[in-house]
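Q: Below is work_38.pdb; it holds PDB, C-alpha atoms and all ligand atoms.
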```pdb
ATOM      1  CA  MET A  91       7.429 -36.905  38.738
ATOM      2  CA  ARG A  92       5.356 -37.030  41.949
ATOM      3  CA  LYS A  93       3.150 -40.091  42.610
ATOM      4  CA  LEU A  94      -0.407 -38.816  42.307
ATOM      5  CA  PRO A  95      -3.672 -40.154  43.759
ATOM      6  CA  ALA A  96      -6.170 -41.904  41.432
ATOM      7  CA  TRP A  97      -8.609 -38.951  41.564
ATOM      8  CA  TYR A  98      -5.998 -36.497  40.309
ATOM      9  CA  TYR A  99      -6.687 -34.638  37.045
ATOM     10  CA  ASP A 100      -4.738 -36.050  34.097
ATOM     11  CA  GLU A 101      -3.137 -32.932  32.638
ATOM     12  CA  PHE A 102      -1.448 -34.953  29.885
ATOM     13  CA  VAL A 103      -4.774 -35.554  28.110
ATOM     14  CA  GLN A 104      -5.091 -32.875  25.402
ATOM     15  CA  ASN A 105      -8.353 -30.953  25.386
ATOM     16  CA  GLY A 106      -9.180 -28.573  22.536
ATOM     17  CA  THR A 107      -6.143 -28.109  20.281
ATOM     18  CA  ASP A 108      -3.905 -31.201  20.229
ATOM     19  CA  TYR A 109      -0.374 -29.918  20.895
ATOM     20  CA  THR A 110       1.074 -33.392  20.459
ATOM     21  CA  ASP A 111       0.081 -33.328  16.790
ATOM     22  CA  GLU A 112       3.166 -33.004  14.574
ATOM     23  CA  GLU A 113       1.539 -30.641  12.087
ATOM     24  CA  GLU A 114       0.276 -28.406  14.928
ATOM     25  CA  ILE A 115       3.844 -28.196  16.329
ATOM     26  CA  LEU A 116       5.509 -27.513  12.978
ATOM     27  CA  ASN A 117       2.999 -24.778  12.061
ATOM     28  CA  TYR A 118       2.667 -23.258  15.541
ATOM     29  CA  ASP A 119       5.153 -20.376  15.222
ATOM     30  CA  ARG A 120       3.920 -19.403  11.752
ATOM     31  CA  ASN A 121       0.267 -19.458  12.861
ATOM     32  CA  MET A 122       1.002 -17.440  16.004
ATOM     33  CA  ASP A 123       2.820 -14.794  13.960
ATOM     34  CA  LYS A 124      -0.435 -14.202  12.070
ATOM     35  CA  ILE A 125      -2.500 -13.346  15.142
ATOM     36  CA  ARG A 126       0.046 -12.188  17.754
ATOM     37  CA  ASP A 127       2.744  -9.582  18.014
ATOM     38  CA  ILE A 128       5.306 -11.900  19.649
ATOM     39  CA  ARG A 129       7.989  -9.189  19.880
ATOM     40  CA  GLU A 130       5.631  -6.878  21.729
ATOM     41  CA  GLU A 131       4.501  -9.717  24.056
ATOM     42  CA  MET A 132       8.144 -10.400  24.902
ATOM     43  CA  GLU A 133       8.909  -6.775  25.582
ATOM     44  CA  THR A 134       5.871  -6.492  27.875
ATOM     45  CA  MET A 135       6.829  -9.660  29.741
ATOM     46  CA  LEU A 136      10.467  -8.561  30.106
ATOM     47  CA  ARG A 137       9.472  -5.111  31.335
ATOM     48  CA  LEU A 138       7.100  -6.522  33.948
ATOM     49  CA  ILE A 139       9.263  -9.316  35.335
ATOM     50  CA  ASP A 140      12.446  -7.217  35.295
ATOM     51  CA  LEU A 141      14.783 -10.239  35.198
ATOM     52  CA  GLN A 142      18.155 -10.093  36.946
ATOM     53  CA  PRO A 143      21.232 -11.983  35.689
ATOM     54  CA  GLU A 144      21.445 -14.305  38.716
ATOM     55  CA  GLU A 145      17.771 -15.295  38.673
ATOM     56  CA  GLN A 146      16.265 -18.751  38.063
ATOM     57  CA  VAL A 147      13.109 -18.873  35.980
ATOM     58  CA  LEU A 148      10.443 -21.503  35.330
ATOM     59  CA  GLU A 149       8.214 -21.364  32.264
ATOM     60  CA  ILE A 150       5.154 -23.618  32.329
ATOM     61  CA  GLY A 151       3.760 -24.571  28.911
ATOM     62  CA  CYS A 152       6.724 -23.365  26.865
ATOM     63  CA  GLY A 153       5.311 -24.649  23.555
ATOM     64  CA  THR A 154       7.919 -24.151  20.821
ATOM     65  CA  GLY A 155      10.268 -22.436  23.291
ATOM     66  CA  GLU A 156      10.281 -18.933  21.801
ATOM     67  CA  PHE A 157       9.808 -17.161  25.149
ATOM     68  CA  SER A 158      12.150 -19.374  27.190
ATOM     69  CA  ILE A 159      14.879 -18.881  24.591
ATOM     70  CA  GLU A 160      14.480 -15.099  24.734
ATOM     71  CA  LEU A 161      14.344 -15.010  28.557
ATOM     72  CA  SER A 162      17.472 -17.168  28.767
ATOM     73  CA  ASN A 163      19.481 -14.145  27.562
ATOM     74  CA  TYR A 164      18.628 -12.241  30.746
ATOM     75  CA  CYS A 165      18.869 -14.758  33.606
ATOM     76  CA  ARG A 166      21.032 -17.550  34.990
ATOM     77  CA  GLU A 167      18.888 -20.538  34.088
ATOM     78  CA  ILE A 168      15.459 -21.414  32.766
ATOM     79  CA  THR A 169      13.500 -24.581  33.366
ATOM     80  CA  ALA A 170      10.934 -24.975  30.576
ATOM     81  CA  LEU A 171       8.034 -27.403  30.973
ATOM     82  CA  ASP A 172       5.452 -28.683  28.555
ATOM     83  CA  ILE A 173       3.153 -31.706  28.670
ATOM     84  CA  SER A 174       3.657 -32.308  24.928
ATOM     85  CA  PRO A 175       6.826 -34.356  24.289
ATOM     86  CA  GLY A 176       6.809 -33.108  20.664
ATOM     87  CA  MET A 177       6.777 -29.465  21.772
ATOM     88  CA  ILE A 178       9.657 -30.138  24.172
ATOM     89  CA  GLU A 179      11.711 -31.803  21.450
ATOM     90  CA  PHE A 180      10.999 -28.976  18.993
ATOM     91  CA  ALA A 181      11.880 -26.302  21.591
ATOM     92  CA  ARG A 182      15.073 -28.125  22.600
ATOM     93  CA  ASP A 183      16.237 -28.309  18.960
ATOM     94  CA  LYS A 184      15.434 -24.614  18.490
ATOM     95  CA  ALA A 185      17.420 -23.644  21.614
ATOM     96  CA  ARG A 186      20.366 -25.740  20.418
ATOM     97  CA  SER A 187      20.283 -24.084  16.988
ATOM     98  CA  ARG A 188      20.321 -20.665  18.696
ATOM     99  CA  LYS A 189      23.233 -21.756  20.909
ATOM    100  CA  ARG A 190      21.367 -21.348  24.212
ATOM    101  CA  ASP A 191      22.739 -23.714  26.830
ATOM    102  CA  ASN A 192      21.068 -22.468  30.037
ATOM    103  CA  ILE A 193      17.601 -23.928  29.416
ATOM    104  CA  LYS A 194      16.466 -27.281  30.864
ATOM    105  CA  PHE A 195      13.504 -28.682  28.925
ATOM    106  CA  ILE A 196      11.280 -31.070  30.869
ATOM    107  CA  ASN A 197       8.148 -32.976  29.855
ATOM    108  CA  GLY A 198       5.769 -32.009  32.687
ATOM    109  CA  GLY A 199       3.118 -29.548  33.729
ATOM    110  CA  PHE A 200       1.425 -27.489  36.429
ATOM    111  CA  LEU A 201       0.120 -30.485  38.365
ATOM    112  CA  THR A 202       2.894 -33.029  37.942
ATOM    113  CA  PHE A 203       6.231 -31.187  37.933
ATOM    114  CA  ASP A 204       8.343 -31.938  40.969
ATOM    115  CA  PRO A 205      10.972 -29.201  41.449
ATOM    116  CA  ALA A 206      12.722 -31.284  44.150
ATOM    117  CA  GLU A 207      13.134 -28.453  46.694
ATOM    118  CA  LYS A 208      14.250 -26.000  44.017
ATOM    119  CA  GLN A 209      12.614 -22.578  44.175
ATOM    120  CA  PHE A 210      12.423 -19.983  41.416
ATOM    121  CA  ASN A 211      12.655 -16.196  41.398
ATOM    122  CA  VAL A 212      10.188 -15.873  38.543
ATOM    123  CA  ILE A 213       7.558 -18.168  37.011
ATOM    124  CA  VAL A 214       5.933 -17.316  33.686
ATOM    125  CA  THR A 215       3.067 -19.018  31.931
ATOM    126  CA  GLN A 216       1.164 -17.778  28.972
ATOM    127  CA  LEU A 217      -1.796 -19.167  27.095
ATOM    128  CA  VAL A 218      -1.640 -22.388  29.124
ATOM    129  CA  LEU A 219      -3.675 -22.204  32.340
ATOM    130  CA  HIS A 220      -6.957 -22.326  30.373
ATOM    131  CA  HIS A 221      -6.215 -26.016  29.720
ATOM    132  CA  LEU A 222      -7.257 -26.754  33.311
ATOM    133  CA  PRO A 223     -10.795 -26.512  34.783
ATOM    134  CA  ASP A 224     -11.118 -23.839  37.480
ATOM    135  CA  PHE A 225     -10.769 -26.225  40.431
ATOM    136  CA  TRP A 226      -7.437 -27.421  39.012
ATOM    137  CA  LYS A 227      -6.350 -23.893  38.158
ATOM    138  CA  LEU A 228      -6.323 -23.204  41.885
ATOM    139  CA  ILE A 229      -4.249 -26.333  42.572
ATOM    140  CA  ALA A 230      -1.863 -25.257  39.782
ATOM    141  CA  LEU A 231      -1.546 -21.719  41.178
ATOM    142  CA  LYS A 232      -0.901 -23.068  44.678
ATOM    143  CA  ASN A 233       1.834 -25.306  43.230
ATOM    144  CA  ILE A 234       3.323 -22.261  41.499
ATOM    145  CA  ASN A 235       3.195 -20.321  44.747
ATOM    146  CA  SER A 236       5.041 -23.078  46.597
ATOM    147  CA  MET A 237       7.766 -23.185  43.915
ATOM    148  CA  LEU A 238       8.511 -19.455  44.216
ATOM    149  CA  LYS A 239      11.087 -17.929  46.523
ATOM    150  CA  PRO A 240       9.775 -15.379  49.050
ATOM    151  CA  ASP A 241       8.631 -12.273  47.122
ATOM    152  CA  GLY A 242       8.961 -14.253  43.862
ATOM    153  CA  LYS A 243       7.013 -13.107  40.810
ATOM    154  CA  LEU A 244       4.426 -14.808  38.646
ATOM    155  CA  TYR A 245       3.651 -13.480  35.170
ATOM    156  CA  LEU A 246       0.416 -14.981  33.869
ATOM    157  CA  ARG A 247      -1.148 -14.224  30.495
ATOM    158  CA  ASP A 248      -4.130 -16.051  29.115
ATOM    159  CA  VAL A 249      -7.445 -15.957  27.319
ATOM    160  CA  ILE A 250      -9.683 -14.669  30.103
ATOM    161  CA  TYR A 251     -13.148 -13.260  29.442
ATOM    162  CA  SER A 252     -14.242  -9.873  30.658
ATOM    163  CA  SER A 253     -17.205  -9.786  33.019
ATOM    164  CA  ASP A 254     -18.396  -6.721  31.035
ATOM    165  CA  ILE A 255     -19.498  -8.907  28.093
ATOM    166  CA  ASP A 256     -23.331  -8.983  28.045
ATOM    167  CA  ASP A 257     -24.114 -10.571  24.739
ATOM    168  CA  PHE A 258     -21.902 -13.645  24.283
ATOM    169  CA  ASP A 259     -23.360 -14.525  20.859
ATOM    170  CA  ALA A 260     -22.435 -11.138  19.452
ATOM    171  CA  PHE A 261     -19.074 -11.071  21.231
ATOM    172  CA  PHE A 262     -17.874 -14.479  20.016
ATOM    173  CA  SER A 263     -19.193 -13.934  16.463
ATOM    174  CA  GLN A 264     -17.270 -10.674  16.236
ATOM    175  CA  THR A 265     -14.100 -12.195  17.764
ATOM    176  CA  LEU A 266     -14.241 -15.174  15.380
ATOM    177  CA  HIS A 267     -14.776 -12.801  12.473
ATOM    178  CA  ASN A 268     -11.725 -10.718  13.497
ATOM    179  CA  ILE A 269      -9.559 -13.830  13.929
ATOM    180  CA  SER A 270     -10.463 -15.221  10.506
ATOM    181  CA  GLU A 271      -9.722 -11.850   8.874
ATOM    182  CA  GLU A 272      -6.295 -11.681  10.511
ATOM    183  CA  ALA A 273      -5.290 -15.322  10.136
ATOM    184  CA  LYS A 274      -7.100 -16.083   6.871
ATOM    185  CA  ASP A 275      -9.298 -18.668   8.588
ATOM    186  CA  ILE A 276      -6.420 -20.893   9.720
ATOM    187  CA  MET A 277      -6.976 -20.130  13.390
ATOM    188  CA  LYS A 278     -10.764 -19.943  13.362
ATOM    189  CA  ASP A 279     -11.238 -23.674  14.071
ATOM    190  CA  ASP A 280      -8.702 -23.485  16.919
ATOM    191  CA  TYR A 281     -10.611 -20.639  18.512
ATOM    192  CA  VAL A 282     -13.939 -22.475  18.089
ATOM    193  CA  HIS A 283     -12.351 -25.433  19.936
ATOM    194  CA  HIS A 284     -11.039 -23.029  22.515
ATOM    195  CA  ILE A 285     -14.445 -21.549  23.335
ATOM    196  CA  LYS A 286     -16.208 -24.918  23.241
ATOM    197  CA  GLU A 287     -13.766 -27.310  24.885
ATOM    198  CA  GLU A 288     -11.075 -25.458  26.807
ATOM    199  CA  PHE A 289     -11.515 -23.757  30.174
ATOM    200  CA  SER A 290     -10.951 -20.026  29.810
ATOM    201  CA  THR A 291     -12.630 -18.303  32.707
ATOM    202  CA  PHE A 292     -13.753 -14.815  33.760
ATOM    203  CA  ASP A 293     -11.470 -12.034  34.962
ATOM    204  CA  TRP A 294     -13.082 -11.930  38.430
ATOM    205  CA  VAL A 295     -12.678 -15.718  38.816
ATOM    206  CA  MET A 296      -8.996 -15.535  37.828
ATOM    207  CA  GLU A 297      -8.334 -12.640  40.184
ATOM    208  CA  GLY A 298      -9.996 -14.573  43.043
ATOM    209  CA  LEU A 299      -8.007 -17.715  42.243
ATOM    210  CA  LEU A 300      -4.732 -15.767  42.244
ATOM    211  CA  GLU A 301      -5.510 -14.221  45.611
ATOM    212  CA  LYS A 302      -6.671 -17.532  47.131
ATOM    213  CA  ALA A 303      -3.431 -19.153  45.940
ATOM    214  CA  GLY A 304      -1.410 -16.591  47.904
ATOM    215  CA  PHE A 305      -0.609 -13.921  45.324
ATOM    216  CA  ARG A 306      -0.887 -10.146  45.361
ATOM    217  CA  ILE A 307      -1.765  -8.778  41.920
ATOM    218  CA  GLU A 308       0.619  -5.890  41.281
ATOM    219  CA  GLU A 309      -0.410  -5.083  37.704
ATOM    220  CA  SER A 310      -3.207  -6.277  35.468
ATOM    221  CA  HIS A 311      -3.752  -5.567  31.782
ATOM    222  CA  TYR A 312      -6.864  -6.425  29.783
ATOM    223  CA  GLN A 313      -7.147  -6.505  26.008
ATOM    224  CA  ASP A 314     -10.158  -6.866  23.702
ATOM    225  CA  ASP A 315     -12.339  -8.328  26.498
ATOM    226  CA  PHE A 316     -10.697 -11.754  26.137
ATOM    227  CA  MET A 317      -7.015 -11.454  26.967
ATOM    228  CA  ALA A 318      -5.555 -10.638  30.361
ATOM    229  CA  SER A 319      -2.096 -10.503  31.851
ATOM    230  CA  TYR A 320      -1.128 -10.259  35.498
ATOM    231  CA  LEU A 321       2.098  -9.552  37.284
ATOM    232  CA  CYS A 322       1.741 -11.111  40.726
ATOM    233  CA  ARG A 323       3.931 -11.272  43.785
ATOM    234  CA  LYS A 324       4.057 -14.161  46.258
ATOM    235  CA  GLU A 325       2.558 -12.864  49.498
ATOM    236  CA  ASN A 326       4.904 -13.151  52.413
ATOM    237  CA  LYS A 327       2.734 -14.885  55.033
ATOM    238  CA  GLN A 328       4.877 -13.682  57.938
ATOM    239  CA  LYS A 329       4.548 -10.084  56.756
ATOM    240  CA  MET A 330       0.775 -10.517  56.455
ATOM    241  CA  SER A 331       0.331 -11.719  60.034
ATOM    242  CA  VAL A 332       2.341  -8.877  61.608
TER     243      VAL A 332
HETATM  244  C1  LIG A 401      -1.284 -22.216  23.274
HETATM  245  S1  LIG A 401       0.207 -23.062  23.619
HETATM  246  C2  LIG A 401       1.179 -21.759  24.374
HETATM  247  C3  LIG A 401       2.654 -21.915  24.134
HETATM  248  C4  LIG A 401       3.505 -20.703  24.557
HETATM  249  N1  LIG A 401       3.422 -20.484  25.983
HETATM  250  C5  LIG A 401       3.102 -19.435  23.820
HETATM  251  O1  LIG A 401       2.851 -18.416  24.468
HETATM  252  O2  LIG A 401       3.066 -19.461  22.584
HETATM  253  C6  LIG A 401      -0.202 -24.071  24.995
HETATM  254  C7  LIG A 401       0.923 -25.002  25.411
HETATM  255  O3  LIG A 401       0.646 -25.451  26.752
HETATM  256  C8  LIG A 401       0.906 -26.832  26.841
HETATM  257  N2  LIG A 401       0.107 -27.348  27.977
HETATM  258  C9  LIG A 401      -1.212 -27.676  28.008
HETATM  259  N3  LIG A 401      -1.576 -28.057  29.252
HETATM  260  C10 LIG A 401      -0.463 -27.970  30.026
HETATM  261  C11 LIG A 401      -0.178 -28.226  31.404
HETATM  262  N4  LIG A 401      -1.125 -28.705  32.232
HETATM  263  N5  LIG A 401       1.069 -28.006  31.861
HETATM  264  C12 LIG A 401       2.050 -27.546  31.019
HETATM  265  N6  LIG A 401       1.850 -27.316  29.709
HETATM  266  C13 LIG A 401       0.611 -27.512  29.215
HETATM  267  C14 LIG A 401       0.536 -27.379  25.465
HETATM  268  O4  LIG A 401       1.148 -28.624  25.223
HETATM  269  C15 LIG A 401       1.036 -26.261  24.560
HETATM  270  O5  LIG A 401       2.382 -26.439  24.195
END
```
Output the file's structure in the form of structure tokens.
A:
Amino acid sequence: MRKLPAWYYDEFVQNGTDYTDEEEILNYDRNMDKIRDIREEMETMLRLIDLQPEEQVLEIGCGTGEFSIELSNYCREITALDISPGMIEFARDKARSRKRDNIKFINGGFLTFDPAEKQFNVIVTQLVLHHLPDFWKLIALKNINSMLKPDGKLYLRDVIYSSDIDDFDAFFSQTLHNISEEAKDIMKDDYVHHIKEEFSTFDWVMEGLLEKAGFRIEESHYQDDFMASYLCRKENKQKMSV
């Protein structure tokens, strides 16, 4: 891990949901299945990143490892990071039980991972960047940019609010109502924490951050005014200055 200055943000401190909590880890996959269509998310990610067998991939915030394990079928090697040691251990055990041996699990995150000169063809991160305040999101995206090979791809999916929302009271009440219907209240508290304590931002802020960090947004998809995904390409600075 890189030596960091004293003013650096401590990304290992959990804000909102505590992903070091054993119960949270053990129930994570079951809870996600209630509110997400994981198969469809995987198919969308795979279609957009179009992985090639020789490619090296980095996933940041792998959680229980479901996506890294699936992606490992389509590329040479995956490095999977998470700041929660419990998540890393859980994901490693899951990969072993599914006989995947091309995934390196590392306890680290956006701001602290040191790739030691290694560069990746593709970096994916989903439902993780909102753990950082906006200033640190830009630092994280610049780090991602520097870890990508020329023309490398970033797939980012996260809770990102639409700038079309006018009435936040009505919007969040309706969203919380929908989530408790779908997940029988289990996830409602998590989403309350999310809105109150985590750092989901607006679509226009995220788009600006991606561009400032040196990415070209090739595709963007928005869902239900609070979920966005982006396929981005590392801008080739030499090409830009021609
Ligand atoms: C909502 S879960 C998402 C897990 C998985 N990507 C998914 O789509 O289900 C967020 C994960 O990000 C991790 N995390 C939080 N902040 C992080 C950071 N700065 N760097 C890397 N991982 C982080 C948490 O420990 C947790 O496992």
Q: Kindly provide, as a ChimeraX atom specification, all nucleotide and amino acid residues lying within 9 Å of ligand LIG 401 (chain A), counting all atoms listed in the file.
A: /A:100-105,107-110,115,118-119,122,128,131,149-158,171-178,197-203,214-222,230,247-248
Q: Please build the interface table for segment 223-317 of chain A against segment 94-99 of chain A with a cut-off of 12 Å, listing for each qualifying residue the nearest atom pair and the distance in Å to one decimal; count all atoms listed in the file, order rows by chain and increasing number, and write it as a Markdown table.
A:
```
| residue | atom | partner | partner_atom | distance |
| --- | --- | --- | --- | --- |
| A:Pro223 | CA | A:Tyr99 | CA | 9.4 |
| A:Asp224 | CA | A:Tyr99 | CA | 11.7 |
| A:Phe225 | CA | A:Tyr99 | CA | 9.9 |
| A:Trp226 | CA | A:Tyr99 | CA | 7.5 |
| A:Lys227 | CA | A:Tyr99 | CA | 10.8 |
| A:Ile229 | CA | A:Tyr99 | CA | 10.3 |
| A:Ala230 | CA | A:Tyr99 | CA | 10.9 |
```
Q: Figure out the distance between atom CA of Arg129 of chain A and atom CA of Lys239 of chain A, please, to one decimal in Å.
A: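 Separating atom CA of Lys239 of chain A from atom CA of Arg129 of chain A is a distance of 28.2 Å.
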Q: What does the structure give for the distance between atom CA of Gly304 of chain A and atom CA of Asn192 of chain A, in Å to one decimal?
A: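 Distance between the two atoms: 29.3 Å.
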Q: Which residue, A:Ala260, A:Ile159, A:Met132, A:Ala318, has the smallest gap to Ser290 of chain A when you use only C-alpha atoms?
A: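 Distance minimum relative to Ser290 of chain A lands on A:Ala318.
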Q: Hey, can you check how far atom CA of Glu144 of chain A sits from atom CA of Asp241 of chain A?
A: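 Atom CA of Asp241 of chain A lies 15.5 Å from atom CA of Glu144 of chain A.
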Q: Given the choices A:Ile285, A:Leu116, A:Leu238, A:Leu299, which gets closest to Val212 of chain A if the distance is worked out from all atoms listed in the file?
A: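 Ranked by minimum distance to Val212 of chain A, first place goes to A:Leu238.
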Q: Using 5 Å of padding on each side, determine the axis-aligned box around all atoms of segment 175-179 of chain A present in the file and give its centre and edge lengths in Å to one decimal, as JSON.
A:
```
{"center_x": 9.2, "center_y": -31.9, "center_z": 22.5, "size_x": 14.9, "size_y": 14.9, "size_z": 13.6}
```
Q: So what does the PyMOL selection byres (((chain A and resi 209) around 10) and not hetatm) actually pick up in this one, as JSON, numbers by chain?
A: {"A": [146, 147, 148, 205, 206, 207, 208, 210, 211, 212, 213, 234, 235, 236, 237, 238, 239, 240, 242]}
Q: Hey, what's within 12 Å of Pro143 of chain A if we count only C-alpha atoms and toss same-chain stuff fewer than 6 positions away? As a ChimeraX atom specification, please?
A: /A:161-168,192,211
Q: With distances taken over all atoms listed in the file, which residue among A:Ile250, A:Thr169, A:Cys322, A:Lys232 lies nearest His284 of chain A?
A: A:Ile250
Q: Using all atoms listed in the file, pick whichever of A:Phe262, A:Tyr245, A:Tyr281, A:Tyr251 has the shortest atom-to-atom distance to Ile125 of chain A.
A: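 Using all atoms listed in the file, the shortest distance to Ile125 of chain A belongs to A:Tyr281.
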Q: Rank A:Ser253, A:Lys327, A:His283, A:Arg120 by their smallest atom-to-atom distance to Leu266 of chain A, using all atoms listed in the file, and report the top residue only.
A: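 Answer, going by the shortest atom-to-atom distance: A:His283.
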Q: Pick out the closest residue to Ile307 of chain A from this set: A:Thr265, A:Ser319, A:Thr134, A:Asn121. Count all atoms listed in the file.
A: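 Among A:Thr265, A:Ser319, A:Thr134, A:Asn121, it is A:Ser319 that comes nearest to Ile307 of chain A.
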Q: Please, could N, CA and C atoms be added to segment 143-154 of chain A and the result written as a CSV table (one decimal), in the frame of the given file?
A:
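Generated output (selection_26.csv):
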```csv
chain,number,residue,atom,x,y,z
A,143,PRO,N,20.3,-10.9,36.3
A,143,PRO,CA,21.2,-12.0,35.7
A,143,PRO,C,21.4,-13.2,36.5
A,144,GLU,N,21.2,-13.1,37.9
A,144,GLU,CA,21.4,-14.3,38.7
A,144,GLU,C,20.2,-15.1,38.9
A,145,GLU,N,19.1,-14.7,38.3
A,145,GLU,CA,17.8,-15.3,38.7
A,145,GLU,C,17.5,-16.6,37.9
A,146,GLN,N,16.7,-17.4,38.6
A,146,GLN,CA,16.3,-18.8,38.1
A,146,GLN,C,14.8,-18.6,37.7
A,147,VAL,N,14.5,-19.1,36.5
A,147,VAL,CA,13.1,-18.9,36.0
A,147,VAL,C,12.5,-20.2,35.6
A,148,LEU,N,11.2,-20.3,35.8
A,148,LEU,CA,10.4,-21.5,35.3
A,148,LEU,C,9.4,-21.0,34.3
A,149,GLU,N,9.3,-21.6,33.2
A,149,GLU,CA,8.2,-21.4,32.3
A,149,GLU,C,7.4,-22.6,32.2
A,150,ILE,N,6.1,-22.5,32.4
A,150,ILE,CA,5.2,-23.6,32.3
A,150,ILE,C,4.3,-23.5,31.0
A,151,GLY,N,4.4,-24.6,30.2
A,151,GLY,CA,3.8,-24.6,28.9
A,151,GLY,C,4.6,-23.8,27.9
A,152,CYS,N,5.8,-24.2,27.7
A,152,CYS,CA,6.7,-23.4,26.9
A,152,CYS,C,6.4,-23.5,25.4
A,153,GLY,N,5.6,-24.5,25.0
A,153,GLY,CA,5.3,-24.6,23.6
A,153,GLY,C,6.6,-24.8,22.8
A,154,THR,N,6.7,-24.0,21.7
A,154,THR,CA,7.9,-24.2,20.8
A,154,THR,C,9.2,-23.4,21.4
```
